[in-house]
Amino acid sequence: MTEIRFYHLTRRTLGEVLPVMLERTVIRDGRRALVIAGSPEQVEDLNAHLWTYNDRVFLPHGSKADGHAPLQPIWLTSKDENPNDARVLFLADGAPTADPGAFDLVCELFDGRDEAAVIKARERWLAYKDAGHDLTYWQQTERGGWDQKLSG
């Protein structure tokens, strides 16, 4: 079964956390990543942010606006698709996927300051658990790292 990690954002924003996770996935581990965001506007915001978040790091990425999906190590979209054949999926803002089993790893990132997002994350946790996936729950620490709080 697919490993699914829930990341409860309580201290830092998606824009602060996601680039670091993508660096580890693409640069350190050499794997392709897919990011499904909640809206086309958020996709373009993330696309622009990944070019400017750190002047010492280059994260090769693209979206529909850039094209050439099969060549992109990181693909940003608001659709449930996998045109760059990624093995790692990042879901933001409650964006769904119909087939989490198509990935080796799925990372659900949700805003812990948004009660509706927390409720939806709990619902997805139960659905993934019922489907037999390997689940872990991570919460941000005061220093910006992560503590594993639960596995299921």
# chains A, B, ... in the order shown; residues from 1 in each chain; ligands from 1
>>> residues_around(residues="Leu126 (chain A)", least_positions_apart="6", cutoff="12 Å", atoms="only C-alpha atoms", output="PyMOL selection string")
chain A and resi 4+6+119-120+132-135+152
>>> select_by_dssp(residues="chain A", states="strand (DSSP E)", output="ChimeraX atom specification")
/A:3-9,33-36,62-63,74-77,88-92,105-111,134-140,146-151
>>> select_by_dssp(residues="region 36-126 of chain A", states="helix (DSSP H, G or I)", output="PyMOL selection string")
chain A and resi 40-52+69-71+100-102+115-126
>>> write_last_selection(atoms="C-alpha atoms", output="PDB file, in the first residue's frame")
ATOM      1  CA  PRO A  40      -5.625  27.240 -10.797  1.00  0.00           C
ATOM      2  CA  GLU A  41      -4.802  30.555  -9.099  1.00  0.00           C
ATOM      3  CA  GLN A  42      -2.934  28.794  -6.315  1.00  0.00           C
ATOM      4  CA  VAL A  43      -1.040  26.741  -8.894  1.00  0.00           C
ATOM      5  CA  GLU A  44       0.235  29.899 -10.548  1.00  0.00           C
ATOM      6  CA  ASP A  45       1.056  31.483  -7.172  1.00  0.00           C
ATOM      7  CA  LEU A  46       3.110  28.407  -6.239  1.00  0.00           C
ATOM      8  CA  ASN A  47       4.710  28.351  -9.692  1.00  0.00           C
ATOM      9  CA  ALA A  48       5.911  31.932  -9.272  1.00  0.00           C
ATOM     10  CA  HIS A  49       6.945  31.362  -5.648  1.00  0.00           C
ATOM     11  CA  LEU A  50       9.170  28.378  -6.491  1.00  0.00           C
ATOM     12  CA  TRP A  51      11.261  30.619  -8.763  1.00  0.00           C
ATOM     13  CA  THR A  52      11.917  33.174  -6.038  1.00  0.00           C
ATOM     14  CA  ALA A  69       4.835  18.246 -18.514  1.00  0.00           C
ATOM     15  CA  PRO A  70       6.758  15.002 -19.214  1.00  0.00           C
ATOM     16  CA  LEU A  71      10.053  16.917 -18.913  1.00  0.00           C
ATOM     17  CA  PRO A 100      -3.460   7.481  -4.149  1.00  0.00           C
ATOM     18  CA  GLY A 101      -2.255   3.944  -4.878  1.00  0.00           C
ATOM     19  CA  ALA A 102      -0.666   5.209  -8.099  1.00  0.00           C
ATOM     20  CA  GLU A 115     -11.066  24.296  11.173  1.00  0.00           C
ATOM     21  CA  ALA A 116     -12.734  23.208   7.909  1.00  0.00           C
ATOM     22  CA  ALA A 117      -9.353  22.020   6.568  1.00  0.00           C
ATOM     23  CA  VAL A 118      -8.731  20.052   9.774  1.00  0.00           C
ATOM     24  CA  ILE A 119     -12.139  18.369   9.528  1.00  0.00           C
ATOM     25  CA  LYS A 120     -11.535  17.427   5.878  1.00  0.00           C
ATOM     26  CA  ALA A 121      -8.083  16.062   6.748  1.00  0.00           C
ATOM     27  CA  ARG A 122      -9.636  13.848   9.428  1.00  0.00           C
ATOM     28  CA  GLU A 123     -12.175  12.558   6.899  1.00  0.00           C
ATOM     29  CA  ARG A 124      -9.412  11.777   4.393  1.00  0.00           C
ATOM     30  CA  TRP A 125      -7.383  10.038   7.117  1.00  0.00           C
ATOM     31  CA  LEU A 126     -10.321   7.704   7.808  1.00  0.00           C
TER      32      LEU A 126
END
>>> closest_residue(among="A:Asp111, A:Ile74, A:Gln148, A:Ala98", to="Arg24 (chain A)", atoms="only C-alpha atoms")
A:Ile74
>>> closest_residue(among="A:Met21, A:Val88, A:Ala127, A:Leu76", to="Ile36 (chain A)", atoms="only C-alpha atoms")
A:Leu76
>>> decode(residues="region 11-85 of chain A", atoms="C-alpha atoms", output="tab-separated table (two decimals), in the first residue's frame")
chain	number	residue	atom	x	y	z
A	11	ARG	CA	3.50	27.54	12.46
A	12	ARG	CA	4.61	27.92	8.87
A	13	THR	CA	2.67	28.35	5.63
A	14	LEU	CA	2.39	26.10	2.63
A	15	GLY	CA	4.67	28.51	0.75
A	16	GLU	CA	7.36	28.08	3.40
A	17	VAL	CA	7.07	24.30	3.81
A	18	LEU	CA	6.40	22.97	0.32
A	19	PRO	CA	9.63	24.19	-1.35
A	20	VAL	CA	11.76	22.46	1.30
A	21	MET	CA	9.81	19.23	0.85
A	22	LEU	CA	10.19	19.49	-2.92
A	23	GLU	CA	13.94	20.08	-2.55
A	24	ARG	CA	14.26	16.86	-0.56
A	25	THR	CA	12.14	14.91	-3.01
A	26	VAL	CA	13.68	16.12	-6.27
A	27	ILE	CA	17.22	17.27	-5.44
A	28	ARG	CA	18.18	14.95	-2.60
A	29	ASP	CA	16.18	11.83	-3.51
A	30	GLY	CA	16.07	12.25	-7.31
A	31	ARG	CA	12.34	11.55	-7.55
A	32	ARG	CA	9.66	13.33	-9.56
A	33	ALA	CA	6.93	15.19	-7.71
A	34	LEU	CA	3.38	16.21	-8.49
A	35	VAL	CA	1.67	19.03	-6.59
A	36	ILE	CA	-2.11	19.24	-6.80
A	37	ALA	CA	-3.39	22.53	-5.41
A	38	GLY	CA	-6.91	23.67	-4.65
A	39	SER	CA	-7.29	26.11	-7.55
A	40	PRO	CA	-5.63	27.24	-10.80
A	41	GLU	CA	-4.80	30.56	-9.10
A	42	GLN	CA	-2.93	28.79	-6.32
A	43	VAL	CA	-1.04	26.74	-8.89
A	44	GLU	CA	0.23	29.90	-10.55
A	45	ASP	CA	1.06	31.48	-7.17
A	46	LEU	CA	3.11	28.41	-6.24
A	47	ASN	CA	4.71	28.35	-9.69
A	48	ALA	CA	5.91	31.93	-9.27
A	49	HIS	CA	6.94	31.36	-5.65
A	50	LEU	CA	9.17	28.38	-6.49
A	51	TRP	CA	11.26	30.62	-8.76
A	52	THR	CA	11.92	33.17	-6.04
A	53	TYR	CA	11.73	31.52	-2.60
A	54	ASN	CA	15.49	30.91	-2.35
A	55	ASP	CA	18.15	32.52	-4.54
A	56	ARG	CA	20.60	29.66	-3.81
A	57	VAL	CA	18.36	26.79	-4.96
A	58	PHE	CA	16.97	25.95	-8.38
A	59	LEU	CA	13.87	23.76	-8.34
A	60	PRO	CA	12.97	22.71	-11.90
A	61	HIS	CA	9.19	22.85	-12.18
A	62	GLY	CA	6.31	23.84	-14.38
A	63	SER	CA	2.57	24.02	-14.83
A	64	LYS	CA	0.11	24.07	-17.71
A	65	ALA	CA	1.21	27.66	-18.43
A	66	ASP	CA	4.77	26.40	-19.00
A	67	GLY	CA	3.95	23.18	-20.82
A	68	HIS	CA	6.27	20.22	-21.43
A	69	ALA	CA	4.84	18.25	-18.51
A	70	PRO	CA	6.76	15.00	-19.21
A	71	LEU	CA	10.05	16.92	-18.91
A	72	GLN	CA	9.23	18.61	-15.59
A	73	PRO	CA	10.64	17.03	-12.40
A	74	ILE	CA	7.93	18.95	-10.49
A	75	TRP	CA	4.51	19.47	-12.03
A	76	LEU	CA	1.98	21.87	-10.50
A	77	THR	CA	-1.70	21.45	-11.26
A	78	SER	CA	-5.20	21.80	-9.88
A	79	LYS	CA	-6.37	18.68	-11.71
A	80	ASP	CA	-6.16	15.04	-10.65
A	81	GLU	CA	-3.57	14.09	-13.26
A	82	ASN	CA	0.02	12.85	-13.40
A	83	PRO	CA	1.54	14.03	-16.70
A	84	ASN	CA	5.15	13.95	-15.46
A	85	ASP	CA	4.91	10.36	-14.17
